[in-house]
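What follows is the content of coords.tsv (TSV, C-alpha atoms).
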chain	number	residue	atom	x	y	z
A	1	MET	CA	191.15	140.76	57.75
A	2	ARG	CA	191.75	140.59	54.01
A	3	LYS	CA	188.28	139.10	53.52
A	4	GLN	CA	186.77	141.96	55.51
A	5	ILE	CA	188.57	144.52	53.38
A	6	LEU	CA	187.03	142.97	50.27
A	7	LEU	CA	183.63	142.54	51.87
A	8	PHE	CA	183.08	146.24	52.73
A	9	PRO	CA	183.42	147.59	49.19
A	10	MET	CA	181.23	144.74	47.93
A	11	MET	CA	178.50	145.55	50.45
A	12	PHE	CA	178.77	149.25	49.59
A	13	LEU	CA	178.41	148.51	45.88
A	14	LEU	CA	175.43	146.27	46.61
A	15	LEU	CA	173.73	149.03	48.61
A	16	ILE	CA	174.41	151.60	45.91
A	17	GLY	CA	173.09	149.14	43.36
A	18	CYS	CA	169.83	148.77	45.29
A	19	ARG	CA	169.27	152.54	45.28
A	20	THR	CA	170.33	153.10	41.70
A	21	PRO	CA	167.18	153.79	39.71
A	22	SER	CA	166.59	151.61	36.70
A	23	PRO	CA	167.01	153.33	33.34
A	24	LEU	CA	164.18	155.72	32.61
A	25	VAL	CA	161.56	154.38	30.28
A	26	VAL	CA	158.21	155.83	29.30
A	27	LYS	CA	155.61	153.27	28.32
A	28	PRO	CA	152.34	153.99	26.54
A	29	ILE	CA	149.24	153.39	28.65
A	30	ASP	CA	145.65	153.04	27.46
A	31	GLU	CA	142.36	153.16	29.36
A	32	GLN	CA	142.36	149.42	30.13
A	33	GLN	CA	145.99	149.34	31.26
A	34	PHE	CA	145.35	152.31	33.53
A	35	GLN	CA	142.42	150.53	35.17
A	36	GLN	CA	144.60	147.43	35.64
A	37	LEU	CA	147.31	149.58	37.22
A	38	VAL	CA	144.78	150.98	39.68
A	39	GLN	CA	143.32	147.57	40.52
A	40	GLN	CA	146.58	145.62	40.82
A	41	ARG	CA	147.64	147.17	44.08
A	42	ALA	CA	149.55	144.29	45.74
A	43	GLY	CA	149.30	146.00	49.10
A	44	LYS	CA	150.48	149.40	47.92
A	45	ILE	CA	148.87	152.82	47.82
A	46	LEU	CA	149.01	154.43	44.39
A	47	VAL	CA	149.78	158.09	43.72
A	48	VAL	CA	149.14	159.10	40.11
A	49	ASN	CA	150.27	162.44	38.72
A	50	ILE	CA	148.92	163.50	35.34
A	51	TRP	CA	151.09	166.07	33.66
A	52	ALA	CA	152.47	167.36	30.35
A	53	THR	CA	155.73	168.95	29.25
A	54	TRP	CA	153.72	171.93	27.95
A	55	CYS	CA	152.12	172.52	31.36
A	56	ALA	CA	154.03	175.10	33.45
A	57	PRO	CA	152.54	174.19	36.87
A	58	CYS	CA	153.19	170.49	36.10
A	59	ARG	CA	156.87	171.25	35.53
A	60	GLU	CA	156.98	173.38	38.68
A	61	GLU	CA	155.49	170.73	40.96
A	62	PHE	CA	157.43	167.76	39.56
A	63	PRO	CA	160.47	168.11	41.90
A	64	GLU	CA	158.08	167.93	44.87
A	65	LEU	CA	156.72	164.62	43.58
A	66	VAL	CA	160.26	163.29	43.17
A	67	ARG	CA	161.02	164.30	46.78
A	68	LEU	CA	157.83	162.62	48.04
A	69	ALA	CA	158.54	159.46	46.02
A	70	ASP	CA	161.99	159.38	47.56
A	71	PHE	CA	160.55	159.90	51.05
A	72	TYR	CA	158.14	156.97	50.60
A	73	HIS	CA	160.72	154.81	48.78
A	74	SER	CA	160.75	152.02	51.35
A	75	LYS	CA	157.07	152.28	52.24
A	76	SER	CA	154.01	150.74	50.62
A	77	VAL	CA	153.45	153.62	48.23
A	78	GLU	CA	153.77	153.48	44.44
A	79	PHE	CA	154.21	156.72	42.50
A	80	VAL	CA	153.31	156.86	38.82
A	81	GLY	CA	153.48	159.71	36.34
A	82	ILE	CA	151.29	159.84	33.24
A	83	SER	CA	152.20	162.40	30.62
A	84	VAL	CA	149.43	163.53	28.29
A	85	ASP	CA	151.94	164.57	25.64
A	86	PHE	CA	151.85	162.47	22.48
A	87	PRO	CA	153.57	159.04	22.37
A	88	ASP	CA	155.81	160.27	19.53
A	89	GLU	CA	157.20	162.92	21.90
A	90	ILE	CA	158.79	160.46	24.35
A	91	SER	CA	162.38	160.94	23.13
A	92	ALA	CA	162.21	164.61	22.24
A	93	LYS	CA	160.21	165.99	25.17
A	94	ILE	CA	159.20	163.56	27.92
A	95	LEU	CA	162.44	161.70	28.62
A	96	PRO	CA	164.66	164.82	28.65
A	97	PHE	CA	162.32	166.41	31.21
A	98	LEU	CA	162.23	163.28	33.37
A	99	LYS	CA	166.01	162.92	33.25
A	100	ALA	CA	166.58	166.57	34.10
A	101	ASN	CA	164.25	166.20	37.09
A	102	HIS	CA	165.73	162.87	38.27
A	103	ALA	CA	162.36	161.10	38.03
A	104	ASN	CA	162.43	158.18	40.43
A	105	PHE	CA	159.11	156.49	39.66
A	106	ALA	CA	157.38	154.70	36.79
A	107	ASN	CA	156.32	156.89	33.90
A	108	TYR	CA	153.80	156.47	31.14
A	109	VAL	CA	152.44	158.46	28.23
A	110	LYS	CA	148.75	158.32	27.49
A	111	ALA	CA	147.94	156.33	24.39
A	112	VAL	CA	144.18	156.35	24.65
A	113	SER	CA	141.53	156.26	21.97
A	114	ASP	CA	139.48	159.00	23.62
A	115	ASP	CA	140.85	161.69	25.96
A	116	GLU	CA	137.39	162.40	27.35
A	117	GLU	CA	136.87	158.80	28.41
A	118	PHE	CA	140.32	158.76	30.02
A	119	ILE	CA	139.56	161.97	31.94
A	120	ASN	CA	136.29	160.46	33.18
A	121	ILE	CA	138.00	157.21	34.22
A	122	ILE	CA	140.41	159.20	36.35
A	123	ASN	CA	137.69	161.40	37.85
A	124	ARG	CA	134.24	162.05	36.43
A	125	LYS	CA	134.10	165.53	37.97
A	126	TRP	CA	137.44	166.57	36.50
A	127	SER	CA	137.50	169.02	33.57
A	128	GLY	CA	140.88	167.87	32.22
A	129	ALA	CA	142.80	170.88	33.60
A	130	LEU	CA	146.43	170.02	34.35
A	131	PRO	CA	148.20	169.07	36.50
A	132	ALA	CA	146.11	166.55	38.44
A	133	THR	CA	147.00	164.13	41.19
A	134	ALA	CA	145.00	161.16	42.47
A	135	VAL	CA	145.64	158.86	45.43
A	136	TYR	CA	144.20	155.33	45.46
A	137	ASP	CA	144.07	153.11	48.54
A	138	MET	CA	145.31	149.51	48.69
A	139	GLU	CA	141.98	148.31	47.30
A	140	GLY	CA	142.28	150.59	44.28
A	141	LYS	CA	139.64	153.04	45.47
A	142	GLN	CA	140.29	156.72	44.75
A	143	ARG	CA	140.58	158.51	48.08
A	144	TYR	CA	141.96	161.89	47.01
A	145	PHE	CA	141.89	163.92	43.82
A	146	LYS	CA	143.16	167.38	43.06
A	147	PHE	CA	143.72	169.34	39.89
A	148	GLY	CA	146.17	172.23	39.99
A	149	LYS	CA	149.53	172.23	41.74
A	150	ILE	CA	149.87	169.94	44.73
A	151	ASN	CA	150.56	171.12	48.23
A	152	PRO	CA	153.20	168.55	49.29
A	153	ALA	CA	152.14	168.71	52.96
A	154	VAL	CA	148.50	168.05	52.04
A	155	LEU	CA	149.42	165.18	49.71
A	156	LYS	CA	151.70	163.68	52.37
A	157	LYS	CA	148.87	163.87	54.90
A	158	GLN	CA	146.54	162.06	52.47
A	159	ILE	CA	149.11	159.31	51.87
A	160	ASP	CA	149.93	158.93	55.57
A	161	ALA	CA	146.24	158.56	56.39
A	162	LEU	CA	146.09	155.51	54.11
A	163	LEU	CA	149.27	153.82	55.33
B	1	MET	CA	120.19	180.16	60.38
B	2	GLN	CA	121.55	182.79	58.02
B	3	LYS	CA	125.09	181.73	58.96
B	4	ILE	CA	124.26	178.12	58.04
B	5	HIS	CA	122.95	179.27	54.65
B	6	ILE	CA	126.11	181.28	54.02
B	7	ALA	CA	128.24	178.30	55.07
B	8	ILE	CA	126.32	175.97	52.71
B	9	ILE	CA	126.70	178.42	49.81
B	10	LEU	CA	130.43	178.83	50.57
B	11	MET	CA	130.95	175.07	50.82
B	12	SER	CA	129.11	174.51	47.54
B	13	PHE	CA	131.33	177.10	45.89
B	14	LEU	CA	134.48	175.47	47.27
B	15	VAL	CA	133.37	172.00	46.12
B	16	MET	CA	132.54	173.47	42.68
B	17	SER	CA	135.97	175.13	42.48
B	18	ALA	CA	137.81	172.02	43.65
B	19	PHE	CA	136.16	169.73	41.10
B	20	GLY	CA	135.62	172.13	38.23
B	21	GLY	CA	131.85	171.99	38.59
B	22	ALA	CA	131.18	174.21	35.63
B	23	LEU	CA	127.84	175.44	34.35
B	24	SER	CA	126.08	172.67	32.47
B	25	PRO	CA	123.63	172.68	29.58
B	26	GLY	CA	120.35	174.10	30.83
B	27	ASP	CA	121.97	176.45	33.36
B	28	ARG	CA	121.30	180.18	33.02
B	29	VAL	CA	124.14	182.69	32.85
B	30	ASN	CA	123.89	186.08	34.52
B	31	ASP	CA	124.56	189.07	32.32
B	32	PHE	CA	128.03	190.55	32.76
B	33	ARG	CA	130.10	193.45	31.49
B	34	LEU	CA	133.80	193.13	30.72
B	35	LYS	CA	136.36	195.28	28.90
B	36	ASP	CA	138.14	193.99	25.82
B	37	TYR	CA	141.91	194.45	25.46
B	38	ASN	CA	141.34	197.94	24.06
B	39	GLY	CA	139.28	199.00	27.07
B	40	LYS	CA	135.89	198.90	25.33
B	41	VAL	CA	133.09	197.58	27.55
B	42	HIS	CA	130.98	194.66	26.26
B	43	ALA	CA	127.78	193.45	27.90
B	44	LEU	CA	126.77	189.84	27.31
B	45	SER	CA	123.15	190.96	26.93
B	46	ALA	CA	124.17	193.03	23.89
B	47	TYR	CA	124.43	189.77	21.90
B	48	LYS	CA	120.84	188.69	22.53
B	49	ASP	CA	119.91	189.13	18.88
B	50	LYS	CA	122.41	186.45	17.84
B	51	ALA	CA	121.52	182.87	16.95
B	52	ALA	CA	124.04	181.71	19.57
B	53	ILE	CA	126.89	183.13	21.65
B	54	VAL	CA	130.19	181.22	21.75
B	55	ILE	CA	132.33	181.97	24.78
B	56	ILE	CA	135.85	180.54	24.81
B	57	PHE	CA	138.14	180.86	27.82
B	58	VAL	CA	141.56	181.40	26.25
B	59	SER	CA	145.15	182.08	27.19
B	60	THR	CA	148.10	183.82	25.58
B	61	ARG	CA	150.64	181.46	27.14
B	62	CYS	CA	148.91	178.07	27.22
B	63	PRO	CA	150.29	175.87	24.41
B	64	VAL	CA	146.99	174.03	24.14
B	65	SER	CA	145.00	177.26	23.73
B	66	ASN	CA	147.62	178.44	21.23
B	67	ALA	CA	147.32	175.18	19.29
B	68	TYR	CA	143.73	176.25	18.62
B	69	ASN	CA	144.37	179.85	17.51
B	70	LYS	CA	143.88	179.15	13.80
B	71	ARG	CA	140.90	176.87	14.42
B	72	MET	CA	139.20	179.43	16.70
B	73	GLU	CA	139.70	182.20	14.15
B	74	ALA	CA	138.45	179.99	11.30
B	75	LEU	CA	135.32	179.09	13.28
B	76	TYR	CA	134.77	182.77	14.10
B	77	GLU	CA	135.13	183.79	10.45
B	78	GLU	CA	132.70	181.12	9.30
B	79	TYR	CA	130.04	181.30	12.00
B	80	SER	CA	130.00	185.06	12.63
B	81	ALA	CA	128.69	185.25	9.06
B	82	LYS	CA	125.85	182.99	10.26
B	83	ASN	CA	124.83	185.35	13.08
B	84	VAL	CA	126.83	183.58	15.83
B	85	ALA	CA	128.72	185.80	18.30
B	86	PHE	CA	132.23	184.82	19.42
B	87	LEU	CA	133.77	186.11	22.64
B	88	GLY	CA	137.12	185.07	24.00
B	89	ILE	CA	137.66	185.56	27.73
B	90	ASN	CA	141.10	185.67	29.29
B	91	SER	CA	140.94	185.04	33.06
B	92	ASN	CA	144.61	184.29	33.71
B	93	ARG	CA	146.01	186.59	36.38
B	94	LYS	CA	149.38	187.08	34.69
B	95	GLU	CA	148.09	187.88	31.20
B	96	PRO	CA	147.32	191.63	31.06
B	97	PRO	CA	145.30	193.40	28.32
B	98	ALA	CA	148.46	194.64	26.53
B	99	GLU	CA	149.74	191.06	26.24
B	100	ILE	CA	146.33	189.85	25.03
B	101	ARG	CA	146.25	192.61	22.38
B	102	GLN	CA	149.77	191.79	21.18
B	103	HIS	CA	148.99	188.07	21.11
B	104	ALA	CA	145.75	188.61	19.16
B	105	GLN	CA	147.56	190.79	16.61
B	106	LYS	CA	150.42	188.31	16.25
B	107	HIS	CA	148.10	185.35	15.70
B	108	GLY	CA	145.46	187.16	13.66
B	109	LEU	CA	142.65	186.67	16.19
B	110	LYS	CA	139.91	189.07	15.08
B	111	PHE	CA	137.17	188.02	17.46
B	112	THR	CA	136.57	190.05	20.63
B	113	ILE	CA	138.71	188.99	23.59
B	114	LEU	CA	137.66	190.23	27.01
B	115	LYS	CA	139.83	190.59	30.09
B	116	ASP	CA	138.32	188.95	33.16
B	117	ASP	CA	140.11	190.69	36.02
B	118	ASN	CA	140.23	188.62	39.22
B	119	ASN	CA	138.66	185.65	37.33
B	120	VAL	CA	135.17	186.76	38.38
B	121	ILE	CA	133.52	185.44	35.21
B	122	ALA	CA	135.59	182.23	35.20
B	123	ASP	CA	134.27	181.66	38.72
B	124	GLN	CA	130.71	182.42	37.59
B	125	PHE	CA	131.00	179.85	34.78
B	126	GLY	CA	133.11	177.42	36.82
B	127	ALA	CA	135.61	177.48	33.95
B	128	THR	CA	138.90	175.79	34.86
B	129	VAL	CA	140.82	175.11	31.67
B	130	THR	CA	141.96	176.74	28.44
B	131	PRO	CA	140.56	176.46	25.90
B	132	GLU	CA	137.08	175.82	27.34
B	133	VAL	CA	133.91	176.56	25.41
B	134	PHE	CA	130.41	177.54	26.50
B	135	VAL	CA	127.75	178.05	23.84
B	136	LEU	CA	124.78	180.08	24.99
B	137	SER	CA	121.35	180.62	23.52
B	138	LYS	CA	120.08	184.17	23.00
B	139	ASP	CA	118.30	183.97	26.38
B	140	LEU	CA	121.71	183.20	27.98
B	141	THR	CA	121.09	179.53	28.70
B	142	VAL	CA	124.05	177.15	28.35
B	143	LEU	CA	123.53	174.86	25.35
B	144	TYR	CA	127.00	173.33	25.12
B	145	HIS	CA	130.03	173.08	27.39
B	146	GLY	CA	133.36	171.54	26.54
B	147	ARG	CA	136.04	171.37	23.90
B	148	ILE	CA	136.55	172.76	20.41
B	149	ASP	CA	137.48	169.33	19.04
B	150	ASP	CA	139.16	166.15	20.21
B	151	SER	CA	142.85	166.74	19.48
B	152	GLN	CA	145.43	169.48	19.88
B	153	ARG	CA	146.88	168.26	16.59
B	154	PRO	CA	144.64	169.21	13.66
B	155	ALA	CA	145.71	166.09	11.75
B	156	ASN	CA	144.44	163.84	14.58
B	157	VAL	CA	141.00	165.42	14.93
B	158	LYS	CA	138.14	162.95	14.63
B	159	ARG	CA	135.32	164.91	16.30
B	160	ARG	CA	134.76	168.60	15.56
B	161	ASP	CA	132.50	169.15	18.56
B	162	LEU	CA	132.06	172.94	18.45
B	163	ARG	CA	131.43	172.99	14.70
B	164	LYS	CA	128.89	170.17	15.00
B	165	THR	CA	127.20	171.91	17.93
B	166	LEU	CA	126.84	175.18	16.01
B	167	ASP	CA	125.52	173.38	12.93
B	168	GLU	CA	122.95	171.58	15.05
B	169	ILE	CA	121.89	174.82	16.80
B	170	LEU	CA	121.57	176.67	13.49
B	171	SER	CA	119.46	173.90	12.00
B	172	GLY	CA	117.28	173.64	15.09
B	173	LYS	CA	118.37	170.08	15.94
B	174	GLU	CA	118.86	168.57	19.36
B	175	LEU	CA	122.53	168.58	20.34
B	176	THR	CA	124.24	165.19	19.98
B	177	HIS	CA	126.97	165.85	22.57
B	178	PRO	CA	126.11	168.87	24.77
B	179	GLU	CA	129.03	168.18	27.11
B	180	THR	CA	132.61	167.16	26.25
B	181	LYS	CA	136.07	167.32	27.84
B	182	ALA	CA	139.70	167.75	26.81
B	183	PHE	CA	143.07	168.18	28.46
B	184	GLY	CA	144.23	171.77	28.76
B	185	CYS	CA	146.02	174.32	30.93
B	186	SER	CA	144.43	175.23	34.23
B	187	ILE	CA	143.19	178.83	34.47
B	188	LYS	CA	145.65	180.68	36.69
B	189	ARG	CA	143.40	182.35	39.25
B	190	ILE	CA	144.20	185.04	41.77
B	191	ARG	CA	144.92	183.82	45.31
B	192	ARG	CA	141.98	184.71	47.52
Could you spell out this file's structure in structure tokens?
Amino acid sequence: MRKQILLFPMMFLLLIGCRTPSPLVVKPIDEQQFQQLVQQRAGKILVVNIWATWCAPCREEFPELVRLADFYHSKSVEFVGISVDFPDEISAKILPFLKANHANFANYVKAVSDDEEFINIINRKWSGALPATAVYDMEGKQRYFKFGKINPAVLKKQIDALL
Amino acid sequence: MQKIHIAIILMSFLVMSAFGGALSPGDRVNDFRLKDYNGKVHALSAYKDKAAIVIIFVSTRCPVSNAYNKRMEALYEEYSAKNVAFLGINSNRKEPPAEIRQHAQKHGLKFTILKDDNNVIADQFGATVTPEVFVLSKDLTVLYHGRIDDSQRPANVKRRDLRKTLDEILSGKELTHPETKAFGCSIKRIRR
């Protein structure tokens, strides 16, 4: 009985520990690292959101992405955010926004040599207007792309079709 | 048959809107008339005697567009003296003429800024982002489409694309980079 009493809180703490997000970090990402991220799928779909702290619709849609990432937490879907702010703005702008919005997925800041090349790598037909969201299948092929605010129901449908 | 044609045109427009399929170098622009923030009407065809016409889709609220205020004004000051016309176009639904006037006065923007109600001209150009530049020839053909330069931060700029384009046009050279891209704010269109 005594063992059981000790076991329950331990199991509870273990469960909480599993769901506790790791400390928020924002890593720089260049063109090559982005392409590696897309290709190294390991059986997961990839949802990439490209945003900036200066972009009003990006800030507005972010909570929806957090909700979707939470919904797909235990499924084969990886969410990634890439901020196009400057790398020297991580502490002052990017992290405070991510913390305030309880970001629950991996986050990067673009550290590319050429914005135009990066835009074309993401989608050749894209003008660079923010926000933008891309969905890649388990083979790393882009299956959905949208610039402008997401419609969560539409994005969910796109993800579900690939699962 | 006519219905099929209409459907194809509509689908093409939707695809163009979804992917930002803007006018490209070589495309012709239809003449248009828009009011500036003081209510004065400007026709694009009125600038046909210019060496080139620079059209920049701008915003009062977009931090990227605002990062370029001084650079846009400096380019206007320099190249208007070389017979190049500069027209700003504001197509954002929530930025009315009074706000555009106030913004221009506050930031010392002396070039003409037109109000594009219902984003009709942004749709015609396929413009999606601010700031976004189209340089036209006097016969209203697109010569250049893209960015002003390659960084929001003046200190980081390596390629001054618009300046180089105008210099090449004025000296009769072939354009080195007629199409470029940059990150910016999406144009906030009306909901149709």
Give me the residues of segment 89-145 of chain A that have any atom at most 12 Å from an atom of segment 124-136 of chain B; for each, the nearest atom pair and the distance in Å, rounded to one decimal. Use all atoms listed in the file, sort by chain and number, and format it as a tab-separated table.
residue	atom	partner	partner_atom	distance
A:Lys125	CA	B:Thr128	CA	11.7
A:Trp126	CA	B:Thr128	CA	9.5
A:Ser127	CA	B:Thr128	CA	7.0
A:Gly128	CA	B:Val129	CA	7.3
A:Ala129	CA	B:Val129	CA	5.1
A:Leu130	CA	B:Val129	CA	8.0
A:Pro131	CA	B:Val129	CA	10.7
- Item | Which residue of B:Ile187, B:Leu143, B:Leu23, B:Val58 approaches chain A most closely, using only C-alpha atoms |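 Ranked by minimum distance to chain A, first place goes to B:Ile187.
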- Task: Output as a VMD selection string the set of chain B residues within 9 Å of chain A, with distances taken over all atoms listed in the file.
- Result: chain B and resid 18 to 22 62 to 64 127 to 130 146 150 to 151 180 to 187
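If you look at atom CA of Phe32 of chain B and atom CA of Thr60 of chain B, they are 22.4 Å away from each other.
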- With only C-alpha atoms as the atoms that count, which of A:Glu61, A:Lys44, A:Tyr144, A:Val112 lies nearest to His73 of chain A?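 Distance minimum relative to His73 of chain A lands on A:Lys44.
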- Minimum-distance residue to Val77 of chain A, chosen among A:Thr53, A:Ser113, A:Gln158, A:Ser91 (using only C-alpha atoms):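 The shortest atom-to-atom distance to Val77 of chain A comes from A:Gln158.
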- Shell around Asn83 of chain B at 8 Å using only C-alpha atoms, local window under 2 positions removed, as number ranges by chain: B: 50-52, 79-81, 85
- Message: Excluding Val84 of chain B and its own-chain neighbours fewer than 3 positions away, which residues fall within 12 Å of it when counting only C-alpha atoms? Please give them as a list of chain:residue names.
- Response: B:Tyr47, B:Lys48, B:Asp49, B:Lys50, B:Ala51, B:Ala52, B:Ile53, B:Val54, B:Ile55, B:Leu75, B:Tyr76, B:Glu77, B:Glu78, B:Tyr79, B:Ser80, B:Ala81, B:Leu87, B:Phe111, B:Val135, B:Leu136, B:Ser137, B:Lys138, B:Arg163, B:Thr165, B:Leu166, B:Asp167, B:Ile169, B:Leu170
- Query: If you count only C-alpha atoms, which residues fall within 9 Å of Ala43 of chain B, apart from same-chain ones fewer than 5 positions away, as a PyMOL selection string?
  - Reply: chain B and resi 31-35
Residue subset to file, keeping C-alpha atoms, as a PDB file, keeping the file's coordinate frame:
ATOM      1  CA  ASP B  31     124.560 189.070  32.320  1.00  0.00           C
ATOM      2  CA  PHE B  32     128.030 190.550  32.760  1.00  0.00           C
ATOM      3  CA  ARG B  33     130.100 193.450  31.490  1.00  0.00           C
ATOM      4  CA  LEU B  34     133.800 193.130  30.720  1.00  0.00           C
ATOM      5  CA  LYS B  35     136.360 195.280  28.900  1.00  0.00           C
TER       6      LYS B  35
END
- Note on the structure: atom CA of Ile150 of chain A sits from atom CA of Ser76 of chain A at a separation of 20.5 Å
- Message: Please determine, counting only C-alpha atoms, which residue among A:Gly81, A:Pro63, A:Pro87, A:Gly43 has the shortest atom-to-atom distance to His102 of chain A.
- Response: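 Selected residue with least distance to His102 of chain A: A:Pro63.
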I need every residue sitting at most 10 Å from the point (140.6, 181.5, 14.5) (coordinates as in the file, only C-alpha atoms considered), written as a compact mmCIF listing (two decimals) with C-alpha atoms, in the coordinates of the input.
# COMPACT_ATOMS: atom_id res chain seq x y z
CA TYR B 68 143.73 176.25 18.62
CA ASN B 69 144.37 179.85 17.51
CA LYS B 70 143.88 179.15 13.80
CA ARG B 71 140.90 176.87 14.42
CA MET B 72 139.20 179.43 16.70
CA GLU B 73 139.70 182.20 14.15
CA ALA B 74 138.45 179.99 11.30
CA LEU B 75 135.32 179.09 13.28
CA TYR B 76 134.77 182.77 14.10
CA GLU B 77 135.13 183.79 10.45
CA GLU B 78 132.70 181.12 9.30
CA ALA B 104 145.75 188.61 19.16
CA HIS B 107 148.10 185.35 15.70
CA GLY B 108 145.46 187.16 13.66
CA LEU B 109 142.65 186.67 16.19
CA LYS B 110 139.91 189.07 15.08
CA PHE B 111 137.17 188.02 17.46
- So how many Å separate atom CA of Glu78 of chain A and atom CA of Pro152 of chain A, to one decimal? 15.8 Å
- Contacts of Asp27 of chain B at 6 Å or less, counting only C-alpha atoms, minus same-chain residues fewer than 3 places along, as a list in words?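 Here the answer would be Ser24, Thr141 and Val142 of chain B.
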Once 4 Å is added on each side, what centre and edge lengths in Å to one decimal does the axis-aligned box around all listed atoms of segment 78-85 of chain A have, as AutoDock Vina command-line options?
--center_x 151.8 --center_y 159.0 --center_z 35.0 --size_x 12.8 --size_y 19.1 --size_z 26.8
